[in-house]
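Next comes structure.txt, with compact mmCIF, C-alpha atoms.
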# COMPACT_ATOMS: atom_id res chain seq x y z
CA MET X 1 41.22 -240.54 22.09
CA LEU X 2 41.12 -239.62 18.38
CA LEU X 3 42.10 -242.09 15.67
CA GLN X 4 42.80 -241.23 12.04
CA ILE X 5 42.68 -244.00 9.41
CA ASP X 6 43.50 -243.40 5.73
CA HIS X 7 43.36 -246.41 3.42
CA THR X 8 44.03 -246.23 -0.33
CA THR X 9 43.74 -249.23 -2.66
CA GLU X 10 44.74 -248.84 -6.30
CA TYR X 11 44.58 -251.23 -9.25
CA ARG X 12 46.23 -250.28 -12.55
CA TYR X 13 45.53 -252.20 -15.75
CA ARG X 14 47.45 -252.47 -19.03
CA ARG X 15 44.38 -251.25 -20.93
CA THR X 16 40.81 -250.29 -20.16
CA VAL X 17 38.79 -253.12 -18.66
CA GLY X 18 35.27 -253.72 -17.44
CA LEU X 19 34.99 -253.87 -13.67
CA THR X 20 32.71 -256.30 -11.85
CA PRO X 21 30.73 -255.03 -8.84
CA HIS X 22 33.13 -254.53 -5.92
CA LEU X 23 32.28 -255.16 -2.27
CA LEU X 24 33.81 -252.59 0.11
CA ARG X 25 34.45 -253.07 3.83
CA PHE X 26 35.79 -249.85 5.33
CA HIS X 27 33.04 -248.63 7.65
CA PRO X 28 33.77 -249.55 11.32
CA ARG X 29 31.37 -251.79 13.17
CA GLY X 30 29.19 -250.06 15.74
CA VAL X 31 30.67 -250.78 19.17
CA PRO X 32 30.20 -249.07 22.54
CA GLY X 33 32.43 -246.04 22.95
CA LEU X 34 33.37 -245.65 19.27
CA ARG X 35 32.05 -242.53 17.53
CA ILE X 36 32.60 -241.74 13.85
CA LEU X 37 33.42 -238.04 13.51
CA ARG X 38 34.16 -238.11 9.80
CA SER X 39 33.87 -240.75 7.10
CA GLU X 40 34.78 -240.16 3.45
CA LEU X 41 35.03 -242.56 0.53
CA ARG X 42 36.39 -241.45 -2.85
CA ILE X 43 36.31 -243.80 -5.85
CA HIS X 44 37.80 -243.54 -9.35
CA PRO X 45 36.35 -243.93 -11.92
CA VAL X 46 33.89 -241.25 -10.86
CA ASP X 47 31.24 -242.82 -13.09
CA HIS X 48 30.01 -245.39 -10.57
CA SER X 49 27.15 -246.07 -8.21
CA LEU X 50 27.51 -246.99 -4.55
CA ARG X 51 24.92 -248.69 -2.37
CA TRP X 52 25.17 -249.60 1.31
CA SER X 53 23.69 -252.52 3.22
CA LEU X 54 24.21 -254.75 6.24
CA ASP X 55 25.36 -258.29 5.59
CA ALA X 56 24.27 -261.35 7.59
CA GLU X 57 26.90 -260.58 10.26
CA GLY X 58 25.74 -256.99 10.69
CA ASN X 59 28.81 -255.60 8.90
CA VAL X 60 28.39 -252.39 6.89
CA LEU X 61 28.90 -253.42 3.27
CA GLY X 62 29.25 -251.13 0.26
CA MET X 63 28.70 -252.29 -3.31
CA ALA X 64 30.26 -250.21 -6.07
CA THR X 65 29.16 -250.83 -9.66
CA PHE X 66 30.84 -249.40 -12.76
CA PRO X 67 28.89 -248.96 -16.02
CA GLY X 68 31.94 -248.11 -18.16
CA GLU X 69 35.55 -249.21 -18.57
CA SER X 70 38.74 -247.86 -17.02
CA ASP X 71 42.46 -248.59 -16.76
CA LEU X 72 42.51 -247.43 -13.12
CA LEU X 73 40.49 -248.30 -10.02
CA ARG X 74 41.31 -246.25 -6.94
CA ILE X 75 39.40 -246.44 -3.64
CA GLU X 76 40.31 -243.97 -0.88
CA SER X 77 38.78 -244.25 2.58
CA SER X 78 39.36 -241.65 5.29
CA LEU X 79 38.07 -241.99 8.85
CA LEU X 80 38.29 -239.80 11.93
CA LEU X 81 37.14 -241.68 15.01
CA GLU X 82 36.69 -240.91 18.69
CA GLN X 83 37.39 -243.82 21.02
CA ARG X 84 35.91 -243.29 24.48
CA ILE X 85 36.45 -246.71 26.11
CA THR X 86 40.16 -247.32 26.62
CA ASN X 87 40.23 -250.13 29.22
CA PRO X 88 39.89 -253.55 27.49
CA PHE X 89 39.20 -255.24 30.86
CA ASP X 90 36.16 -253.07 31.62
CA PHE X 91 33.60 -255.90 31.67
CA LEU X 92 32.01 -258.45 34.00
CA ILE X 93 31.50 -262.16 33.26
CA GLU X 94 28.45 -264.03 34.53
CA GLY X 95 29.03 -266.70 37.15
CA ARG X 96 28.27 -269.57 34.76
CA ALA X 97 31.10 -268.38 32.50
CA ILE X 98 33.81 -267.74 35.06
CA ARG X 99 35.30 -271.24 34.80
CA LEU X 100 35.63 -273.81 32.05
CA PRO X 101 33.70 -275.64 30.78
CA LEU X 102 31.65 -272.55 30.00
CA SER X 103 27.87 -272.92 30.01
CA TYR X 104 25.87 -271.26 27.22
CA ASP X 105 22.09 -271.26 27.53
CA ASP X 106 19.83 -272.66 24.80
CA ARG X 107 19.18 -269.27 23.16
CA GLU X 108 22.89 -268.47 23.05
CA ARG X 109 23.75 -271.86 21.61
CA GLN X 110 21.22 -271.40 18.81
CA PHE X 111 22.70 -268.06 17.82
CA LEU X 112 26.32 -269.06 18.42
CA ALA X 113 26.22 -272.36 16.52
CA PRO X 114 28.38 -271.12 13.58
CA PHE X 115 30.99 -269.85 16.06
CA LEU X 116 31.20 -273.03 18.15
CA GLN X 117 31.88 -275.58 15.40
CA PRO X 118 35.58 -275.92 14.43
CA SER X 119 36.08 -275.13 10.74
CA ASP X 120 39.45 -276.88 10.47
CA PRO X 121 38.81 -280.46 11.65
CA GLY X 122 41.99 -281.72 9.97
CA SER X 123 44.00 -279.79 12.55
CA ALA X 124 42.07 -281.00 15.59
CA LYS X 125 44.82 -283.29 16.92
CA GLU X 126 47.55 -280.65 16.67
CA VAL X 127 45.29 -278.00 18.22
CA MET X 128 44.49 -280.20 21.23
CA MET X 129 48.18 -280.99 21.73
CA LEU X 130 48.92 -277.26 21.74
CA LEU X 131 46.05 -276.62 24.17
CA GLU X 132 46.85 -279.46 26.59
CA PRO X 133 49.24 -277.49 28.87
CA PHE X 134 46.71 -274.65 29.13
CA LEU X 135 43.75 -276.89 29.89
CA ARG X 136 45.24 -279.64 32.05
CA GLY X 137 49.01 -279.12 32.22
CA ILE X 138 51.47 -276.89 34.04
CA SER X 139 50.01 -273.74 32.45
CA ALA X 140 46.39 -274.62 33.27
CA LYS X 141 44.35 -271.76 34.71
CA ASP X 142 41.33 -271.83 37.02
CA SER X 143 39.25 -269.24 35.19
CA THR X 144 38.01 -268.82 31.63
CA LEU X 145 39.58 -265.37 31.31
CA ASP X 146 42.91 -266.57 32.73
CA PHE X 147 42.95 -269.43 30.21
CA LEU X 148 42.21 -267.08 27.31
CA THR X 149 44.76 -264.45 28.30
CA ALA X 150 47.47 -267.04 29.00
CA PHE X 151 46.96 -268.78 25.65
CA ASN X 152 46.75 -265.41 23.89
CA ARG X 153 50.07 -264.32 25.39
CA ALA X 154 51.69 -267.63 24.51
CA ILE X 155 51.18 -267.37 20.75
CA PRO X 156 53.67 -264.53 20.09
CA ALA X 157 56.10 -266.26 22.45
CA LEU X 158 55.84 -269.61 20.64
CA PHE X 159 55.42 -268.46 17.03
CA ARG X 160 57.20 -266.04 14.70
CA TYR X 161 55.21 -263.36 12.93
CA SER X 162 55.62 -263.21 9.15
CA LEU X 163 54.08 -260.84 6.61
CA ARG X 164 52.27 -262.45 3.66
CA HIS X 165 50.28 -260.29 1.22
CA GLU X 166 48.80 -263.19 -0.74
CA PRO X 167 45.19 -264.04 0.20
CA GLY X 168 44.37 -267.15 2.14
CA VAL X 169 44.86 -268.56 5.62
CA GLN X 170 47.09 -271.41 6.76
CA SER X 171 45.46 -274.33 8.49
CA ALA X 172 46.04 -274.43 12.23
CA GLU X 173 48.22 -277.50 11.68
CA GLU X 174 50.43 -275.60 9.22
CA THR X 175 50.89 -272.73 11.66
CA ILE X 176 51.75 -275.09 14.51
CA THR X 177 54.19 -277.08 12.34
CA ARG X 178 55.90 -274.05 10.79
CA ARG X 179 55.88 -272.09 14.04
CA GLU X 180 55.13 -268.92 12.11
CA GLY X 181 52.26 -267.11 10.46
CA THR X 182 50.48 -263.87 9.69
CA CYS X 183 47.96 -262.13 11.91
CA ARG X 184 45.12 -263.89 10.10
CA ASP X 185 46.86 -267.27 10.61
CA PHE X 186 47.20 -266.59 14.34
CA ALA X 187 43.57 -265.45 14.54
CA HIS X 188 42.48 -268.68 12.85
CA LEU X 189 44.63 -270.74 15.25
CA PHE X 190 43.15 -268.94 18.25
CA ILE X 191 39.59 -269.38 16.97
CA GLU X 192 40.04 -273.11 16.39
CA SER X 193 41.64 -273.47 19.84
CA ALA X 194 38.87 -271.52 21.59
CA ARG X 195 36.18 -273.57 19.85
CA SER X 196 37.96 -276.80 20.81
CA ALA X 197 37.70 -275.59 24.42
CA GLY X 198 33.94 -275.04 24.02
CA LEU X 199 34.08 -271.27 23.51
CA ALA X 200 32.30 -269.38 20.73
CA ALA X 201 34.82 -267.42 18.67
CA ARG X 202 34.78 -265.36 15.47
CA TYR X 203 37.25 -263.66 13.12
CA VAL X 204 37.69 -259.88 13.08
CA GLY X 205 39.21 -257.76 10.32
CA GLY X 206 40.11 -254.11 10.84
CA TYR X 207 42.96 -251.81 11.78
CA LEU X 208 45.51 -251.55 14.59
CA CYS X 209 46.35 -247.87 15.02
CA SER X 210 49.84 -246.87 16.10
CA SER X 211 50.48 -244.76 19.17
CA PRO X 212 51.87 -241.20 18.94
CA GLY X 213 55.63 -241.12 18.40
CA THR X 214 55.91 -244.61 16.90
CA LEU X 215 57.06 -245.28 13.35
CA GLU X 216 55.13 -248.47 12.72
CA GLU X 217 54.27 -249.58 9.20
CA ASN X 218 50.48 -249.86 9.01
CA HIS X 219 48.53 -252.73 7.47
CA THR X 220 45.07 -254.10 7.90
CA HIS X 221 45.00 -256.31 10.97
CA ALA X 222 43.17 -259.45 12.04
CA TRP X 223 42.29 -260.73 15.48
CA CYS X 224 39.36 -262.61 17.03
CA GLU X 225 36.54 -262.26 19.50
CA VAL X 226 35.21 -264.73 22.07
CA TYR X 227 31.64 -264.60 23.36
CA LEU X 228 31.57 -264.51 27.17
CA PRO X 229 28.12 -264.38 28.85
CA GLY X 230 27.79 -261.12 30.72
CA ALA X 231 30.65 -259.50 28.80
CA GLY X 232 29.51 -260.20 25.23
CA TRP X 233 32.01 -260.40 22.39
CA ARG X 234 35.54 -259.64 23.65
CA GLY X 235 38.54 -259.16 21.41
CA PHE X 236 41.84 -261.04 21.69
CA ASP X 237 44.85 -260.19 19.52
CA PRO X 238 47.05 -263.30 19.40
CA THR X 239 49.62 -261.64 17.13
CA ASN X 240 50.54 -259.24 19.94
CA GLY X 241 49.36 -261.30 22.92
CA ILE X 242 46.99 -258.59 24.17
CA LEU X 243 43.27 -257.97 24.48
CA ALA X 244 41.90 -255.81 21.69
CA ASP X 245 42.06 -252.28 23.06
CA ALA X 246 41.28 -248.71 22.05
CA HIS X 247 43.76 -248.87 19.16
CA HIS X 248 41.92 -251.79 17.53
CA VAL X 249 39.19 -250.69 15.11
CA ALA X 250 36.95 -253.57 14.01
CA VAL X 251 35.49 -253.24 10.51
CA ALA X 252 33.94 -256.68 9.91
CA THR X 253 33.51 -260.07 11.55
CA SER X 254 33.04 -263.56 10.14
CA PRO X 255 32.78 -267.15 11.38
CA THR X 256 35.66 -268.05 9.03
CA ALA X 257 39.10 -266.47 8.97
CA GLY X 258 40.28 -264.50 5.98
CA ASP X 259 37.06 -264.11 3.98
CA ILE X 260 36.28 -260.42 4.68
CA PRO X 261 38.87 -258.39 2.70
CA PRO X 262 38.45 -254.58 2.51
CA VAL X 263 37.99 -254.73 -1.28
CA GLU X 264 36.49 -257.71 -3.09
CA GLY X 265 35.97 -257.71 -6.85
CA SER X 266 37.56 -258.39 -10.22
CA TYR X 267 37.68 -257.25 -13.85
CA CYS X 268 36.61 -258.65 -17.21
CA GLY X 269 39.40 -259.73 -19.54
CA GLU X 270 42.60 -261.76 -19.77
CA GLY X 271 44.31 -262.73 -16.55
CA ASP X 272 47.50 -260.74 -17.19
CA LEU X 273 45.94 -257.27 -17.55
CA LEU X 274 46.53 -256.24 -13.94
CA GLU X 275 49.73 -254.19 -14.06
CA ALA X 276 49.99 -253.12 -10.41
CA HIS X 277 48.12 -253.38 -7.13
CA ASP X 278 49.12 -250.93 -4.39
CA VAL X 279 47.76 -250.49 -0.88
CA VAL X 280 48.76 -247.59 1.39
CA ILE X 281 47.42 -247.41 4.95
CA ARG X 282 48.03 -244.86 7.66
CA ALA X 283 46.29 -245.67 10.94
CA ARG X 284 47.32 -243.78 14.04
CA GLU X 285 46.27 -242.13 17.26
CA LEU X 286 46.30 -238.34 17.03
CA ILE X 287 48.16 -236.34 19.65
CA PRO X 288 46.00 -234.11 21.88
CA GLY X 289 44.81 -231.05 19.99
CA GLU X 290 45.64 -232.50 16.60
CA GLU X 291 43.02 -232.96 13.93
CA GLU X 292 43.99 -233.82 10.38
CA ALA X 293 42.54 -231.87 7.50
CA ALA X 294 39.61 -233.35 5.67
How would this structure read if it were set down as structure tokens?
Amino acid sequence: MLLQIDHTTEYRYRRTVGLTPHLLRFHPRGVPGLRILRSELRIHPVDHSLRWSLDAEGNVLGMATFPGESDLLRIESSLLLEQRITNPFDFLIEGRAIRLPLSYDDRERQFLAPFLQPSDPGSAKEVMMLLEPFLRGISAKDSTLDFLTAFNRAIPALFRYSLRHEPGVQSAEETITRREGTCRDFAHLFIESARSAGLAARYVGGYLCSSPGTLEENHTHAWCEVYLPGAGWRGFDPTNGILADAHHVAVATSPTAGDIPPVEGSYCGEGDLLEAHDVVIRARELIPGEEEAA
């Protein structure tokens, strides 16, 4: 399966401004079965320097620095990917993880500590009330995977999806009370719920590519991963109620929801100099035999 992802971010200013160093998150994380066939990054102004590194999470992080001034910042990323693993259930869980409460060994607990501690303690009561039917009520499941998939499927059935371009993530309590949220809100809710059930979970930012023949509007997407001994990190997309599959392309992960945007930076000057901020994303599966021009 071939996936094509084109992502353009553009900032236009009322006059020339100085640009602070910008962090860029476009390069997909290395995962089994995913092969990068082509990766291009074009930046305006052309007078810039770009350095690459790995952050503490192992995400590929670019840092662009700009010595001069400009009234336009444009960042264009183009990716052609080959996805070889298409079955999201192609994994085995160790016996100690088949049923809740899951048992992590000492080494795992040391590494997974940031992903086990709830980051939204003010929502703990509401989260446990939401979880109760899935842990001990009529929807309770015998196995860890059944619990996760049942709760994952329930979120789009219980909550309404809404699009919000402003940065930030609702608390789990807000999402439960409002019964609506964005993909990052649902990812945060799922992470807090999984951690409350004793499962290590982390936030994932990336793309959800559309299938051939669909006319979906593309955006960046957020979901989460749960660490299951034997299977490793496994993705769950609570916005759509599915496991992360071949159409999900993970770019970065974080213990905390919403803090890994594709572009992170600012400019020097008054606060009203930003005239426009446009983002255009096209992320799709290519039909057999198709390959887009470079």
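Considering the residues X:Phe111, X:Ser123, X:Phe190, X:Ser171 and counting all atoms listed in the file, Phe147 (chain X) has its shortest atom-to-atom contact with X:Phe190.
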Can you pull out every residue within 10 Å of region 29-43 of chain X, counting only C-alpha atoms, but drop anything in the same chain fewer than 5 positions away, and send it as an MDAnalysis selection string?
chainID X and resid 1:10 48:50 58:60 64 73:86 206 246 249:253 294
All residues 12 Å or closer to Leu92 (chain X), only C-alpha atoms, same chain fewer than 2 positions away omitted, as JSON, numbers by chain:
{"X": [88, 89, 90, 94, 95, 96, 97, 98, 145, 228, 229, 230, 231, 232, 233, 234]}
Could you check which residues have any atom within 12 Å of (57.6, -266.3, 21.7), counting all atoms listed in the file with coordinates taken straight from the file, and then list them as a list in words?
Phe151, Asn152, Arg153, Ala154, Ile155, Pro156, Ala157, Leu158, Phe159, Arg160, Tyr161, Arg179, Glu180, Pro238, Thr239, Asn240 and Gly241 of chain X
Pairwise distance, CA of Val169 (chain X) with CA of Asp185 (chain X), equals 5.5 Å
From CA of Thr177 (chain X) to CA of Ala200 (chain X) the spacing works out at 24.7 Å
Quick one: everything within 6 Å of region 12-27 of chain X, counting all atoms listed in the file, minus sequence neighbours fewer than 2 positions away in the same chain. Send it as a list of chain:residue names.
X:Leu61, X:Gly62, X:Met63, X:Ala64, X:Thr65, X:Glu69, X:Ser70, X:Asp71, X:Leu72, X:Val251, X:Pro262, X:Val263, X:Glu264, X:Gly265, X:Ser266, X:Tyr267, X:Cys268, X:Leu273, X:Leu274, X:Glu275, X:Ala276
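From CA of Ile242 (chain X) back to CA of Pro288 (chain X), the distance works out to 24.6 Å.
The smallest atom-to-atom distance between Gly168 (chain X) and any of X:Pro114, X:Gly181, X:Gly122, X:Pro45, using all atoms listed in the file, is found for X:Gly181.
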May I have the residues at most 7 Å from (49.7, -242.7, 16.5) in the file's coordinates, counting all atoms listed in the file, as a compact mmCIF listing (two decimals) with C-alpha atoms, in the frame of the given file?
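File written: selection_23.txt
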# COMPACT_ATOMS: atom_id res chain seq x y z
CA CYS X 209 46.35 -247.87 15.02
CA SER X 210 49.84 -246.87 16.10
CA SER X 211 50.48 -244.76 19.17
CA PRO X 212 51.87 -241.20 18.94
CA GLY X 213 55.63 -241.12 18.40
CA THR X 214 55.91 -244.61 16.90
CA ARG X 284 47.32 -243.78 14.04
CA GLU X 285 46.27 -242.13 17.26
CA LEU X 286 46.30 -238.34 17.03
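The shortest atom-to-atom distance to Tyr227 (chain X), with all atoms listed in the file taken into account, belongs to X:Leu102 out of X:Ala257, X:Leu130, X:Leu102, X:Val46.
Across X:Glu57, X:Ser143, X:Asn87, X:Ala197, the tightest approach to Asp245 (chain X) is made by X:Asn87 when counting all atoms listed in the file.
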Which residue out of X:Val280, X:Gly258, X:Thr149, X:Glu166 has the minimum interatomic distance to Phe186 (chain X) when all atoms listed in the file are used?
X:Gly258
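Comparing X:Phe236, X:Phe91, X:Phe115, X:Tyr104 by their smallest distance to Trp223 (chain X), the closest is X:Phe236 (using all atoms listed in the file).
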Within 12 Å of Pro121 (chain X), counting only C-alpha atoms, which residues show up once you throw out same-chain ones fewer than 4 positions away? Write them as a PyMOL selection string, please.
chain X and resi 117+125-128+171-173+189+192-193+195-196
Could you model N, CA and C atoms for region 82-106 of chain X and present them as a PDB file, in the coordinates of the input?
ATOM      1  N   GLU X  82      36.467-241.182  17.270  1.00  0.00           N
ATOM      2  CA  GLU X  82      36.690-240.910  18.690  1.00  0.00           C
ATOM      3  C   GLU X  82      36.452-242.200  19.463  1.00  0.00           C
ATOM      4  N   GLN X  83      37.463-242.590  20.225  1.00  0.00           N
ATOM      5  CA  GLN X  83      37.390-243.820  21.020  1.00  0.00           C
ATOM      6  C   GLN X  83      37.285-243.418  22.491  1.00  0.00           C
ATOM      7  N   ARG X  84      36.154-243.743  23.107  1.00  0.00           N
ATOM      8  CA  ARG X  84      35.910-243.290  24.480  1.00  0.00           C
ATOM      9  C   ARG X  84      36.220-244.360  25.528  1.00  0.00           C
ATOM     10  N   ILE X  85      36.154-245.634  25.158  1.00  0.00           N
ATOM     11  CA  ILE X  85      36.450-246.710  26.110  1.00  0.00           C
ATOM     12  C   ILE X  85      37.869-247.194  25.854  1.00  0.00           C
ATOM     13  N   THR X  86      38.739-247.010  26.819  1.00  0.00           N
ATOM     14  CA  THR X  86      40.160-247.320  26.620  1.00  0.00           C
ATOM     15  C   THR X  86      40.650-248.488  27.469  1.00  0.00           C
ATOM     16  N   ASN X  87      39.813-249.012  28.367  1.00  0.00           N
ATOM     17  CA  ASN X  87      40.230-250.130  29.220  1.00  0.00           C
ATOM     18  C   ASN X  87      39.633-251.430  28.675  1.00  0.00           C
ATOM     19  N   PRO X  88      40.440-252.320  28.091  1.00  0.00           N
ATOM     20  CA  PRO X  88      39.890-253.550  27.490  1.00  0.00           C
ATOM     21  C   PRO X  88      39.364-254.540  28.526  1.00  0.00           C
ATOM     22  N   PHE X  89      39.681-254.335  29.805  1.00  0.00           N
ATOM     23  CA  PHE X  89      39.200-255.240  30.860  1.00  0.00           C
ATOM     24  C   PHE X  89      37.956-254.691  31.565  1.00  0.00           C
ATOM     25  N   ASP X  90      37.333-253.692  30.999  1.00  0.00           N
ATOM     26  CA  ASP X  90      36.160-253.070  31.620  1.00  0.00           C
ATOM     27  C   ASP X  90      34.901-253.867  31.282  1.00  0.00           C
ATOM     28  N   PHE X  91      34.789-255.064  31.885  1.00  0.00           N
ATOM     29  CA  PHE X  91      33.600-255.900  31.670  1.00  0.00           C
ATOM     30  C   PHE X  91      33.472-256.872  32.842  1.00  0.00           C
ATOM     31  N   LEU X  92      32.288-257.460  32.964  1.00  0.00           N
ATOM     32  CA  LEU X  92      32.010-258.450  34.000  1.00  0.00           C
ATOM     33  C   LEU X  92      31.481-259.714  33.330  1.00  0.00           C
ATOM     34  N   ILE X  93      31.932-260.865  33.788  1.00  0.00           N
ATOM     35  CA  ILE X  93      31.500-262.160  33.260  1.00  0.00           C
ATOM     36  C   ILE X  93      30.504-262.786  34.222  1.00  0.00           C
ATOM     37  N   GLU X  94      29.432-263.347  33.682  1.00  0.00           N
ATOM     38  CA  GLU X  94      28.450-264.030  34.530  1.00  0.00           C
ATOM     39  C   GLU X  94      29.073-265.233  35.229  1.00  0.00           C
ATOM     40  N   GLY X  95      28.478-265.609  36.355  1.00  0.00           N
ATOM     41  CA  GLY X  95      29.030-266.700  37.150  1.00  0.00           C
ATOM     42  C   GLY X  95      29.167-268.005  36.392  1.00  0.00           C
ATOM     43  N   ARG X  96      28.225-268.301  35.505  1.00  0.00           N
ATOM     44  CA  ARG X  96      28.270-269.570  34.760  1.00  0.00           C
ATOM     45  C   ARG X  96      29.398-269.603  33.734  1.00  0.00           C
ATOM     46  N   ALA X  97      30.033-268.446  33.501  1.00  0.00           N
ATOM     47  CA  ALA X  97      31.100-268.380  32.500  1.00  0.00           C
ATOM     48  C   ALA X  97      32.474-268.153  33.119  1.00  0.00           C
ATOM     49  N   ILE X  98      32.538-268.069  34.429  1.00  0.00           N
ATOM     50  CA  ILE X  98      33.810-267.740  35.060  1.00  0.00           C
ATOM     51  C   ILE X  98      34.840-268.849  34.882  1.00  0.00           C
ATOM     52  N   ARG X  99      34.371-270.116  34.921  1.00  0.00           N
ATOM     53  CA  ARG X  99      35.300-271.240  34.800  1.00  0.00           C
ATOM     54  C   ARG X  99      34.900-272.163  33.648  1.00  0.00           C
ATOM     55  N   LEU X 100      35.888-272.812  33.081  1.00  0.00           N
ATOM     56  CA  LEU X 100      35.630-273.810  32.050  1.00  0.00           C
ATOM     57  C   LEU X 100      35.201-275.131  32.697  1.00  0.00           C
ATOM     58  N   PRO X 101      34.334-275.932  32.072  1.00  0.00           N
ATOM     59  CA  PRO X 101      33.700-275.640  30.780  1.00  0.00           C
ATOM     60  C   PRO X 101      32.615-274.588  30.920  1.00  0.00           C
ATOM     61  N   LEU X 102      32.620-273.650  29.988  1.00  0.00           N
ATOM     62  CA  LEU X 102      31.650-272.550  30.000  1.00  0.00           C
ATOM     63  C   LEU X 102      30.270-273.072  29.641  1.00  0.00           C
ATOM     64  N   SER X 103      29.245-272.478  30.246  1.00  0.00           N
ATOM     65  CA  SER X 103      27.870-272.920  30.010  1.00  0.00           C
ATOM     66  C   SER X 103      27.104-271.845  29.250  1.00  0.00           C
ATOM     67  N   TYR X 104      26.760-272.134  27.984  1.00  0.00           N
ATOM     68  CA  TYR X 104      25.870-271.260  27.220  1.00  0.00           C
ATOM     69  C   TYR X 104      24.437-271.757  27.386  1.00  0.00           C
ATOM     70  N   ASP X 105      23.483-270.824  27.449  1.00  0.00           N
ATOM     71  CA  ASP X 105      22.090-271.260  27.530  1.00  0.00           C
ATOM     72  C   ASP X 105      21.583-271.626  26.138  1.00  0.00           C
ATOM     73  N   ASP X 106      20.366-272.156  26.066  1.00  0.00           N
ATOM     74  CA  ASP X 106      19.830-272.660  24.800  1.00  0.00           C
ATOM     75  C   ASP X 106      19.743-271.563  23.735  1.00  0.00           C
TER      76      ASP X 106
END
